[in-house]
>>> print(open('run-v8.tsv').read())   # TSV, C-alpha atoms and all ligand atoms
chain	number	residue	atom	x	y	z
A	1	ALA	CA	-75.05	63.47	-41.57
A	2	GLN	CA	-77.47	62.74	-38.71
A	3	LYS	CA	-80.24	64.28	-40.77
A	4	ARG	CA	-79.35	62.23	-43.80
A	5	TYR	CA	-79.46	59.05	-41.70
A	6	ALA	CA	-82.82	60.03	-40.26
A	7	SER	CA	-84.18	60.42	-43.79
A	8	LEU	CA	-83.12	56.83	-44.53
A	9	ARG	CA	-84.97	55.44	-41.54
A	10	GLY	CA	-87.96	54.06	-43.36
A	11	LEU	CA	-85.94	52.86	-46.36
A	12	PRO	CA	-84.43	49.39	-46.79
A	13	ALA	CA	-80.68	48.76	-46.90
A	14	GLN	CA	-80.97	47.96	-50.58
A	15	ALA	CA	-77.81	48.03	-52.63
A	16	MET	CA	-77.68	49.32	-56.23
A	17	CYS	CA	-77.75	45.74	-57.48
A	18	GLY	CA	-81.12	45.24	-55.82
A	19	THR	CA	-79.92	43.01	-52.97
A	20	THR	CA	-81.35	43.94	-49.59
A	21	VAL	CA	-79.50	43.42	-46.34
A	22	GLY	CA	-81.56	43.16	-43.15
A	23	LEU	CA	-80.21	45.55	-40.51
A	24	HIS	CA	-81.00	44.69	-36.90
A	25	MET	CA	-79.80	46.11	-33.64
A	26	ASN	CA	-77.94	44.72	-30.67
A	27	ALA	CA	-79.41	45.43	-27.24
A	28	GLY	CA	-79.10	44.35	-23.65
A	29	LEU	CA	-81.02	46.84	-21.55
A	30	MET	CA	-84.61	48.02	-21.47
A	31	ALA	CA	-83.18	51.46	-22.13
A	32	ASP	CA	-81.96	50.28	-25.54
A	33	LEU	CA	-85.44	49.46	-26.77
A	34	PRO	CA	-86.60	52.96	-27.76
A	35	SER	CA	-83.77	52.88	-30.33
A	36	LEU	CA	-85.70	50.23	-32.19
A	37	GLU	CA	-88.06	52.93	-33.47
A	38	GLY	CA	-85.44	55.65	-33.80
A	39	SER	CA	-82.83	53.64	-35.67
A	40	GLY	CA	-85.09	51.96	-38.19
A	41	ALA	CA	-83.80	48.52	-37.13
A	42	GLU	CA	-85.90	45.61	-38.37
A	43	GLY	CA	-85.58	43.81	-35.07
A	44	VAL	CA	-83.12	42.89	-32.35
A	45	GLY	CA	-80.56	40.51	-33.80
A	46	LEU	CA	-78.80	40.07	-30.47
A	47	PHE	CA	-80.29	40.67	-27.07
A	48	ARG	CA	-77.50	40.06	-24.55
A	49	THR	CA	-79.19	38.74	-21.43
A	50	GLU	CA	-76.24	38.85	-19.07
A	51	LEU	CA	-76.77	42.47	-18.04
A	52	GLN	CA	-79.83	41.66	-15.90
A	53	PHE	CA	-77.68	39.08	-14.11
A	54	LEU	CA	-74.68	41.37	-13.73
A	55	VAL	CA	-76.43	44.38	-12.22
A	56	ARG	CA	-77.80	42.44	-9.24
A	57	ASN	CA	-76.07	41.12	-6.19
A	58	GLN	CA	-78.10	37.94	-6.24
A	59	MET	CA	-79.47	35.63	-8.89
A	60	PRO	CA	-82.55	37.26	-10.47
A	61	ARG	CA	-85.79	35.35	-10.00
A	62	ARG	CA	-87.67	33.72	-12.83
A	63	ALA	CA	-90.68	36.02	-12.44
A	64	GLU	CA	-88.46	39.11	-12.53
A	65	LEU	CA	-86.76	37.94	-15.71
A	66	ALA	CA	-90.07	36.99	-17.31
A	67	ALA	CA	-91.38	40.51	-16.62
A	68	ILE	CA	-88.30	42.10	-18.20
A	69	TYR	CA	-88.39	39.84	-21.27
A	70	ALA	CA	-92.10	40.50	-21.70
A	71	ARG	CA	-91.42	44.25	-21.68
A	72	VAL	CA	-88.70	43.76	-24.29
A	73	MET	CA	-91.10	41.83	-26.54
A	74	ASP	CA	-93.82	44.43	-25.96
A	75	ALA	CA	-91.44	47.21	-26.95
A	76	ALA	CA	-90.43	45.27	-30.07
A	77	ARG	CA	-94.10	45.22	-31.15
A	78	GLY	CA	-93.94	42.02	-33.13
A	79	ARG	CA	-90.44	42.54	-34.47
A	80	ARG	CA	-88.10	39.62	-33.95
A	81	VAL	CA	-85.89	39.66	-30.84
A	82	ALA	CA	-83.14	37.02	-30.73
A	83	PHE	CA	-82.55	36.40	-27.03
A	84	ARG	CA	-79.05	35.15	-26.40
A	85	THR	CA	-78.97	32.94	-23.30
A	86	LEU	CA	-76.63	33.81	-20.48
A	87	ASP	CA	-73.03	34.26	-21.62
A	88	ILE	CA	-71.08	34.43	-18.39
A	89	GLY	CA	-67.54	33.47	-17.59
A	90	SER	CA	-64.63	35.02	-19.46
A	91	ASP	CA	-64.94	38.79	-19.09
A	92	LYS	CA	-68.38	38.61	-17.43
A	93	VAL	CA	-68.29	37.33	-13.84
A	94	LEU	CA	-71.43	37.18	-11.68
A	95	PRO	CA	-70.74	38.66	-8.24
A	96	TYR	CA	-72.84	35.95	-6.53
A	97	MET	CA	-71.22	32.98	-8.22
A	98	LYS	CA	-68.11	31.31	-6.97
A	99	PRO	CA	-65.27	32.74	-9.05
A	100	GLN	CA	-63.48	30.17	-11.13
A	101	ASP	CA	-59.76	30.40	-11.00
A	102	GLU	CA	-59.00	29.80	-14.64
A	103	PRO	CA	-55.78	30.61	-16.47
A	104	ASN	CA	-57.62	31.45	-19.73
A	105	PRO	CA	-61.20	32.41	-18.92
A	106	ALA	CA	-62.07	33.33	-22.53
A	107	MET	CA	-61.40	29.69	-23.42
A	108	GLY	CA	-62.67	28.39	-20.13
A	109	TRP	CA	-65.90	27.47	-18.44
A	110	ARG	CA	-68.19	30.02	-19.97
A	111	ALA	CA	-71.46	30.57	-21.83
A	112	ILE	CA	-73.21	27.37	-22.99
A	113	ARG	CA	-70.58	25.26	-21.25
A	114	VAL	CA	-71.86	26.52	-17.89
A	115	GLY	CA	-75.45	26.25	-19.13
A	116	LEU	CA	-75.07	22.59	-20.04
A	117	ASP	CA	-73.00	21.54	-17.01
A	118	LYS	CA	-75.21	23.32	-14.47
A	119	PRO	CA	-78.54	23.56	-16.27
A	120	GLY	CA	-80.51	25.09	-13.41
A	121	VAL	CA	-79.96	28.70	-14.47
A	122	LEU	CA	-80.38	27.97	-18.18
A	123	ARG	CA	-83.67	26.18	-17.57
A	124	MET	CA	-84.91	29.00	-15.36
A	125	GLN	CA	-84.02	31.51	-18.06
A	126	LEU	CA	-85.78	29.47	-20.75
A	127	GLN	CA	-88.88	29.20	-18.57
A	128	ALA	CA	-88.82	32.97	-18.11
A	129	LEU	CA	-88.58	33.47	-21.89
A	130	ILE	CA	-91.40	31.02	-22.63
A	131	ARG	CA	-93.65	32.69	-20.06
A	132	ALA	CA	-92.73	36.15	-21.29
A	133	ALA	CA	-93.66	35.19	-24.84
A	134	ASP	CA	-97.10	34.11	-23.61
A	135	GLY	CA	-97.97	32.59	-26.96
A	136	ARG	CA	-96.00	35.03	-29.12
A	137	PRO	CA	-93.16	33.72	-31.35
A	138	LEU	CA	-89.89	33.25	-29.51
A	139	SER	CA	-86.34	33.32	-30.80
A	140	VAL	CA	-83.52	31.94	-28.61
A	141	MET	CA	-79.86	31.59	-29.42
A	142	PHE	CA	-77.07	29.89	-27.55
A	143	PRO	CA	-73.65	31.49	-27.15
A	144	PHE	CA	-70.33	29.85	-27.82
A	145	ILE	CA	-71.50	26.61	-29.38
A	146	ALA	CA	-68.36	24.72	-30.38
A	147	GLU	CA	-69.80	21.44	-31.66
A	148	ARG	CA	-73.01	19.87	-32.86
A	149	ALA	CA	-73.59	17.90	-29.66
A	150	GLU	CA	-73.65	21.08	-27.57
A	151	PHE	CA	-76.26	22.58	-29.81
A	152	ALA	CA	-78.32	19.38	-29.77
A	153	SER	CA	-78.31	19.35	-25.94
A	154	ALA	CA	-79.15	23.02	-25.67
A	155	ARG	CA	-81.97	22.59	-28.17
A	156	ALA	CA	-83.29	19.55	-26.30
A	157	THR	CA	-83.36	21.67	-23.14
A	158	VAL	CA	-85.66	24.18	-24.87
A	159	LEU	CA	-87.92	21.42	-26.16
A	160	ASN	CA	-88.10	19.88	-22.67
A	161	GLU	CA	-89.04	23.19	-21.11
A	162	LEU	CA	-91.72	23.70	-23.73
A	163	ASP	CA	-93.18	20.27	-22.93
A	164	ARG	CA	-93.03	21.04	-19.24
A	165	GLU	CA	-94.80	24.38	-19.61
A	166	ARG	CA	-97.39	22.77	-21.86
A	167	ALA	CA	-97.98	20.02	-19.28
A	168	LEU	CA	-98.49	22.74	-16.66
A	169	GLY	CA	-101.23	24.13	-18.85
A	170	ARG	CA	-99.40	27.30	-19.82
A	171	ARG	CA	-99.49	28.95	-23.21
A	172	VAL	CA	-96.37	28.20	-25.18
A	173	PRO	CA	-95.06	30.30	-28.07
A	174	GLU	CA	-96.80	29.72	-31.38
A	175	LYS	CA	-93.37	29.37	-33.00
A	176	VAL	CA	-89.94	28.87	-31.41
A	177	GLU	CA	-86.74	29.45	-33.35
A	178	ILE	CA	-83.59	27.94	-31.84
A	179	GLY	CA	-80.27	29.19	-33.12
A	180	ALA	CA	-76.57	28.92	-32.42
A	181	MET	CA	-73.90	31.57	-32.23
A	182	LEU	CA	-70.90	30.67	-34.29
A	183	GLU	CA	-68.02	32.03	-32.23
A	184	THR	CA	-65.46	29.26	-32.42
A	185	PRO	CA	-63.93	28.19	-35.74
A	186	SER	CA	-64.77	24.54	-34.96
A	187	LEU	CA	-68.50	25.11	-35.50
A	188	ALA	CA	-67.92	26.20	-39.09
A	189	PHE	CA	-66.71	22.64	-39.75
A	190	ALA	CA	-69.51	20.87	-37.88
A	191	PRO	CA	-71.43	18.12	-39.69
A	192	ASP	CA	-74.18	19.10	-42.11
A	193	SER	CA	-76.75	17.91	-39.60
A	194	PHE	CA	-75.84	20.79	-37.30
A	195	PHE	CA	-76.62	23.35	-40.00
A	196	ARG	CA	-79.89	21.62	-40.77
A	197	GLU	CA	-80.88	21.36	-37.11
A	198	ALA	CA	-80.22	25.00	-36.29
A	199	ASP	CA	-83.11	27.31	-37.15
A	200	PHE	CA	-80.53	30.05	-37.65
A	201	VAL	CA	-76.87	30.77	-37.11
A	202	SER	CA	-75.46	34.07	-35.91
A	203	ILE	CA	-71.76	34.80	-36.18
A	204	GLY	CA	-70.39	36.34	-32.98
A	205	GLY	CA	-67.59	38.07	-34.79
A	206	ASN	CA	-65.93	39.49	-31.68
A	207	ASP	CA	-65.23	36.04	-30.33
A	208	LEU	CA	-64.87	34.37	-33.71
A	209	LYS	CA	-62.13	36.80	-34.71
A	210	GLN	CA	-60.38	36.43	-31.36
A	211	PHE	CA	-60.18	32.66	-31.84
A	212	PHE	CA	-59.53	32.75	-35.56
A	213	PHE	CA	-56.44	34.93	-35.16
A	214	ALA	CA	-55.64	33.79	-31.59
A	215	ALA	CA	-55.66	37.46	-30.58
A	216	ASP	CA	-57.25	38.33	-27.23
A	217	ARG	CA	-60.11	40.82	-27.79
A	218	GLU	CA	-59.40	42.31	-24.35
A	219	ASN	CA	-55.72	42.89	-24.95
A	220	GLU	CA	-55.01	46.37	-26.33
A	221	ARG	CA	-51.67	45.23	-27.63
A	222	VAL	CA	-53.07	42.65	-29.99
A	223	ARG	CA	-56.76	43.30	-30.42
A	224	ARG	CA	-56.36	45.43	-33.54
A	225	ARG	CA	-53.38	43.59	-34.89
A	226	TYR	CA	-55.30	41.60	-37.51
A	227	ASP	CA	-57.69	43.22	-39.92
A	228	THR	CA	-61.26	41.97	-40.18
A	229	LEU	CA	-60.88	42.46	-43.92
A	230	ASN	CA	-57.95	40.07	-43.91
A	231	VAL	CA	-58.36	37.69	-46.83
A	232	SER	CA	-58.16	34.66	-44.52
A	233	PHE	CA	-61.04	35.88	-42.42
A	234	LEU	CA	-63.23	36.86	-45.39
A	235	THR	CA	-62.55	33.50	-47.01
A	236	PHE	CA	-63.58	31.81	-43.78
A	237	LEU	CA	-66.81	33.84	-43.70
A	238	GLU	CA	-67.46	32.87	-47.30
A	239	GLN	CA	-67.27	29.19	-46.28
A	240	ILE	CA	-69.73	29.73	-43.45
A	241	VAL	CA	-72.11	31.50	-45.84
A	242	ALA	CA	-71.85	28.52	-48.23
A	243	ARG	CA	-72.56	25.95	-45.52
A	244	CYS	CA	-75.61	27.82	-44.27
A	245	ALA	CA	-76.86	28.35	-47.81
A	246	ALA	CA	-76.49	24.63	-48.58
A	247	ALA	CA	-78.57	23.77	-45.51
A	248	GLY	CA	-81.05	26.60	-46.10
A	249	THR	CA	-80.21	28.05	-42.67
A	250	PRO	CA	-80.53	31.82	-42.19
A	251	LEU	CA	-77.22	33.42	-41.22
A	252	SER	CA	-76.48	36.72	-39.55
A	253	PHE	CA	-73.41	38.51	-38.20
A	254	CYS	CA	-73.77	40.25	-34.86
A	255	GLY	CA	-70.25	41.20	-33.75
A	256	GLU	CA	-69.09	44.85	-33.55
A	257	ASP	CA	-67.63	44.71	-37.06
A	258	ALA	CA	-71.13	44.52	-38.55
A	259	GLY	CA	-71.58	48.16	-37.49
A	260	ARG	CA	-68.55	49.42	-39.43
A	261	PRO	CA	-69.73	50.51	-42.88
A	262	ILE	CA	-66.80	49.17	-44.92
A	263	GLU	CA	-66.82	45.86	-43.07
A	264	ALA	CA	-70.59	45.65	-43.43
A	265	VAL	CA	-70.40	46.18	-47.18
A	266	ALA	CA	-67.65	43.56	-47.46
A	267	PHE	CA	-69.71	41.07	-45.44
A	268	ALA	CA	-72.73	41.70	-47.64
A	269	ALA	CA	-70.57	41.15	-50.71
A	270	MET	CA	-69.47	37.81	-49.22
A	271	GLY	CA	-73.14	36.82	-49.03
A	272	LEU	CA	-74.32	37.90	-45.57
A	273	ARG	CA	-77.90	39.10	-45.74
A	274	MET	CA	-78.49	40.07	-42.11
A	275	LEU	CA	-76.31	42.21	-39.88
A	276	SER	CA	-76.90	43.21	-36.28
A	277	MET	CA	-75.18	46.21	-34.75
A	278	ARG	CA	-75.44	48.99	-32.22
A	279	PRO	CA	-78.37	51.26	-33.13
A	280	ALA	CA	-76.20	54.27	-33.98
A	281	SER	CA	-74.44	52.27	-36.70
A	282	ILE	CA	-77.58	51.48	-38.66
A	283	GLY	CA	-77.74	54.86	-40.44
A	284	PRO	CA	-74.10	54.90	-41.61
A	285	VAL	CA	-74.16	51.24	-42.65
A	286	LYS	CA	-77.42	51.66	-44.56
A	287	ALA	CA	-76.15	54.80	-46.28
A	288	LEU	CA	-73.10	53.00	-47.63
A	289	ILE	CA	-74.92	49.82	-48.67
A	290	ARG	CA	-77.40	51.90	-50.65
A	291	GLN	CA	-74.56	53.51	-52.58
A	292	VAL	CA	-72.83	50.40	-53.83
A	293	ASP	CA	-73.40	47.51	-56.20
A	294	LEU	CA	-72.46	44.44	-54.14
A	295	ARG	CA	-71.36	42.56	-57.27
A	296	GLU	CA	-68.79	45.29	-57.89
A	297	VAL	CA	-67.67	45.15	-54.26
A	298	ARG	CA	-67.28	41.41	-54.64
A	299	ALA	CA	-65.23	41.86	-57.79
A	300	VAL	CA	-62.89	44.26	-55.94
A	301	ILE	CA	-62.50	41.71	-53.12
A	302	ASP	CA	-61.93	38.83	-55.52
A	303	ARG	CA	-59.33	40.78	-57.46
A	304	ALA	CA	-57.44	41.71	-54.28
A	305	ARG	CA	-57.58	38.08	-53.20
A	306	ALA	CA	-56.32	36.83	-56.54
A	307	GLU	CA	-53.47	39.32	-56.39
A	308	GLY	CA	-52.40	37.88	-53.04
A	309	ALA	CA	-53.31	40.85	-50.84
A	310	GLU	CA	-53.19	40.29	-47.09
A	311	THR	CA	-56.26	42.43	-46.57
A	312	VAL	CA	-58.76	43.79	-49.06
A	313	ARG	CA	-59.07	47.06	-47.15
A	314	PRO	CA	-56.77	49.24	-49.30
A	315	ALA	CA	-58.40	48.02	-52.52
A	316	LEU	CA	-61.87	48.55	-51.11
A	317	MET	CA	-61.10	52.00	-49.70
A	318	ASP	CA	-59.57	53.02	-53.00
A	319	TRP	CA	-62.59	51.76	-54.96
A	320	LEU	CA	-65.03	53.43	-52.57
A	321	SER	CA	-63.21	56.74	-52.78
A	322	ARG	CA	-63.66	56.62	-56.55
A	323	GLN	CA	-67.43	56.06	-56.27
A	324	GLY	CA	-67.91	59.72	-55.45
A	325	GLY	CA	-70.68	59.07	-52.92
B	1	LIG	C1	-69.49	38.33	-30.26
B	1	LIG	O1	-68.70	37.59	-29.69
B	1	LIG	O2	-69.27	38.83	-31.38
B	1	LIG	C2	-70.79	38.67	-29.68
B	1	LIG	C3	-71.73	39.27	-30.40
B	1	LIG	O3	-70.99	38.42	-28.36
B	1	LIG	P1	-70.23	39.17	-27.18
B	1	LIG	O4	-69.58	40.40	-27.75
B	1	LIG	O5	-71.27	39.45	-26.16
B	1	LIG	O6	-69.23	38.13	-26.75
B	2	MG	MG	-69.30	36.41	-27.99
>>> encode(input="run-v8.tsv", output="structure tokens", more="lines below")
Ligand code: PEP
Ligand code: MG
Amino acid sequence: AQKRYASLRGLPAQAMCGTTVGLHMNAGLMADLPSLEGSGAEGVGLFRTELQFLVRNQMPRRAELAAIYARVMDAARGRRVAFRTLDIGSDKVLPYMKPQDEPNPAMGWRAIRVGLDKPGVLRMQLQALIRAADGRPLSVMFPFIAERAEFASARATVLNELDRERALGRRVPEKVEIGAMLETPSLAFAPDSFFREADFVSIGGNDLKQFFFAADRENERVRRRYDTLNVSFLTFLEQIVARCAAAGTPLSFCGEDAGRPIEAVAFAAMGLRMLSMRPASIGPVKALIRQVDLREVRAVIDRARAEGAETVRPALMDWLSRQGG
């Protein structure tokens, strides 16, 4: 199978119906970057920036971060890298920050909430990204945006930093894309203006699923209790796809489920056109997408939905097993 995946490396994830799905990889370490060539990923759909903060025993300096981000962009050789700003709190605690004693850290003071309340670190990180880009295009996304106002403030912070760097006479990126991660159900129901204002939206399925089903992603007892292919969840995704399409906003899915071939095919059938996953998943996901007609997959999903199924998984597995691929 490894050999078969390697032979697909230069080929697009084009389904039998002609629709192509962009496959990108998730990364977080310099060591992940060589996989960009090996996996055939089109770019980095999610670069988790917390690791550089977690491996140190003090806050990294701006120049250090800028050097790391520049190396990431160099390694990407012009491919898009979506840098996700610091997502700390919840399961990720910085050793040099005062621990917060919170009863429910996953729903607590985390991610963009910290970034907006104490903007020093966020601004430093944005400066590092702008300097690292050194004129090249830059793509930034904010984690855990729950409402339009949070995105508007985060976006304004980027624009301010760009002005500041410009005033200091530094080169600023030729193009800056500012996106939001959709990880709380509330954002799916934000006003239209949010979807128009965001340059792109990326679904953080790990968190989105946890909050959609109210099932702690860290809790072994419940984390697999609800199926991603549950009709409620797929219907919810379909609504997000429709809202982004109406606003003309590119949408991707970057949670772990994007790397599971059956899930990936179901997401593509619901209208997702960009998936980001761990590099090793790109081969298997591409292989399956290339074997199916997404309109047929959609028909299987719609039929299972109409018949009142809880999850479309059995119907989809059954249909796939009859494709003889
Ligand atoms: C997610 O929540 O799906 C996501 C991609 O971010 P993380 O797993 O880092 O929370
Ligand atoms: Mg998340």
>>> residues_around(input="run-v8.tsv", residues="Arg303 of chain A", least_positions_apart="5", cutoff="10 Å", atoms="only C-alpha atoms", output="list of chain:residue names")
A:Val297, A:Arg298, A:Gly308, A:Ala309, A:Val312, A:Ala315
>>> residues_around(input="run-v8.tsv", residues="Gln14 of chain A", least_positions_apart="5", cutoff="12 Å", atoms="only C-alpha atoms", output="count of residues only")
20
>>> closest_atom_pairs(input="run-v8.tsv", of="chain A", to="ligand MG 2 (chain B)", cutoff="12 Å", atoms="only C-alpha atoms and all ligand atoms", output="tab-separated table")
residue	atom	partner	partner_atom	distance
A:Leu46	CA	B:MG2	MG	10.5
A:Phe47	CA	B:MG2	MG	11.8
A:Arg48	CA	B:MG2	MG	9.6
A:Glu50	CA	B:MG2	MG	11.6
A:Arg84	CA	B:MG2	MG	10.0
A:Thr85	CA	B:MG2	MG	11.3
A:Leu86	CA	B:MG2	MG	10.8
A:Asp87	CA	B:MG2	MG	7.7
A:Ile88	CA	B:MG2	MG	10.0
A:Gly89	CA	B:MG2	MG	10.9
A:Ser90	CA	B:MG2	MG	9.8
A:Asp91	CA	B:MG2	MG	10.2
A:Lys92	CA	B:MG2	MG	10.8
A:Ala106	CA	B:MG2	MG	9.6
A:Met107	CA	B:MG2	MG	11.3
A:Arg110	CA	B:MG2	MG	10.3
A:Ala111	CA	B:MG2	MG	8.8
A:Ile112	CA	B:MG2	MG	11.0
A:Met141	CA	B:MG2	MG	11.7
A:Phe142	CA	B:MG2	MG	10.2
A:Pro143	CA	B:MG2	MG	6.6
A:Phe144	CA	B:MG2	MG	6.6
A:Ile145	CA	B:MG2	MG	10.1
A:Ala146	CA	B:MG2	MG	12.0
A:Ala180	CA	B:MG2	MG	11.3
A:Met181	CA	B:MG2	MG	7.9
A:Leu182	CA	B:MG2	MG	8.7
A:Glu183	CA	B:MG2	MG	6.2
A:Thr184	CA	B:MG2	MG	9.2
A:Ser202	CA	B:MG2	MG	10.3
A:Ile203	CA	B:MG2	MG	8.7
A:Gly204	CA	B:MG2	MG	5.1
A:Gly205	CA	B:MG2	MG	7.2
A:Asn206	CA	B:MG2	MG	5.9
A:Asp207	CA	B:MG2	MG	4.7
A:Leu208	CA	B:MG2	MG	7.5
A:Lys209	CA	B:MG2	MG	9.8
A:Gln210	CA	B:MG2	MG	9.5
A:Phe211	CA	B:MG2	MG	10.6
A:Arg217	CA	B:MG2	MG	10.2
A:Phe253	CA	B:MG2	MG	11.2
A:Cys254	CA	B:MG2	MG	9.1
A:Gly255	CA	B:MG2	MG	7.6
A:Glu256	CA	B:MG2	MG	10.1
>>> atom_distance(input="run-v8.tsv", atom1="atom CA of His24 of chain A", atom2="atom CA of Leu122 of chain A")
25.1 Å
>>> residues_near_point(input="run-v8.tsv", point="(-66.9, 40.0, -50.3)", cutoff="6 Å", atoms="all atoms listed in the file", output="PyMOL selection string")
chain A and resi 266-267+269-270+298+301
>>> residues_around(input="run-v8.tsv", residues="Val172 of chain A", least_positions_apart="5", cutoff="10 Å", atoms="only C-alpha atoms", output="list in words")
Leu129, Ile130, Arg131, Ala132, Ala133, Asp134, Gly135, Arg136, Pro137, Leu138, Glu161, Leu162, Asp163, Arg164, Glu165 and Arg166 of chain A
>>> closest_residue(input="run-v8.tsv", among="A:Leu187, A:Val93, A:Met317, A:Val121", to="Pro261 of chain A", atoms="all atoms listed in the file")
A:Met317
>>> atom_distance(input="run-v8.tsv", atom1="atom CA of Arg9 of chain A", atom2="atom CA of Ala245 of chain A")
29.0 Å
>>> axis_aligned_box(input="run-v8.tsv", around="ligand LIG 1 (chain B)", padding_each_side="3 Å", output="lines of an AutoDock Vina configuration file")
center_x = -70.2
center_y = 39.0
center_z = -28.8
size_x = 9.0
size_y = 8.8
size_z = 11.2
>>> atom_distance(input="run-v8.tsv", atom1="atom CA of Gly120 of chain A", atom2="atom CA of Ser193 of chain A")
27.4 Å
>>> closest_residue(input="run-v8.tsv", among="A:Ala15, A:Ile68, A:Ala190, A:Ala264", to="Leu234 of chain A", atoms="only C-alpha atoms")
A:Ala264
>>> closest_residue(input="run-v8.tsv", among="A:Leu229, A:Ala31, A:Val44, A:Ile262", to="Val140 of chain A", atoms="all atoms listed in the file")
A:Val44
>>> closest_residue(input="run-v8.tsv", among="A:Gly108, A:Pro173, A:Gly18, A:Gly28", to="ligand LIG 1 (chain B)", atoms="all atoms listed in the file")
A:Gly28
>>> closest_residue(input="run-v8.tsv", among="A:Arg295, A:Arg196, A:Arg278, A:Arg77", to="ligand LIG 1 (chain B)", atoms="all atoms listed in the file")
A:Arg278
>>> closest_residue(input="run-v8.tsv", among="A:Ala75, A:Ala167, A:Ala188, A:Ala63", to="Glu37 of chain A", atoms="all atoms listed in the file")
A:Ala75
>>> residues_around(input="run-v8.tsv", residues="Ser281 of chain A", least_positions_apart="5", cutoff="9 Å", atoms="only C-alpha atoms", output="count of residues only")
7
>>> residues_around(input="run-v8.tsv", residues="Ala198 of chain A", least_positions_apart="3", cutoff="12 Å", atoms="all atoms listed in the file", output="JSON, numbers by chain")
{"A": [139, 140, 141, 142, 145, 147, 148, 149, 150, 151, 152, 153, 154, 155, 156, 176, 177, 178, 179, 180, 181, 182, 187, 190, 191, 192, 193, 194, 195, 201, 202, 244, 247, 248, 249, 250, 251]}
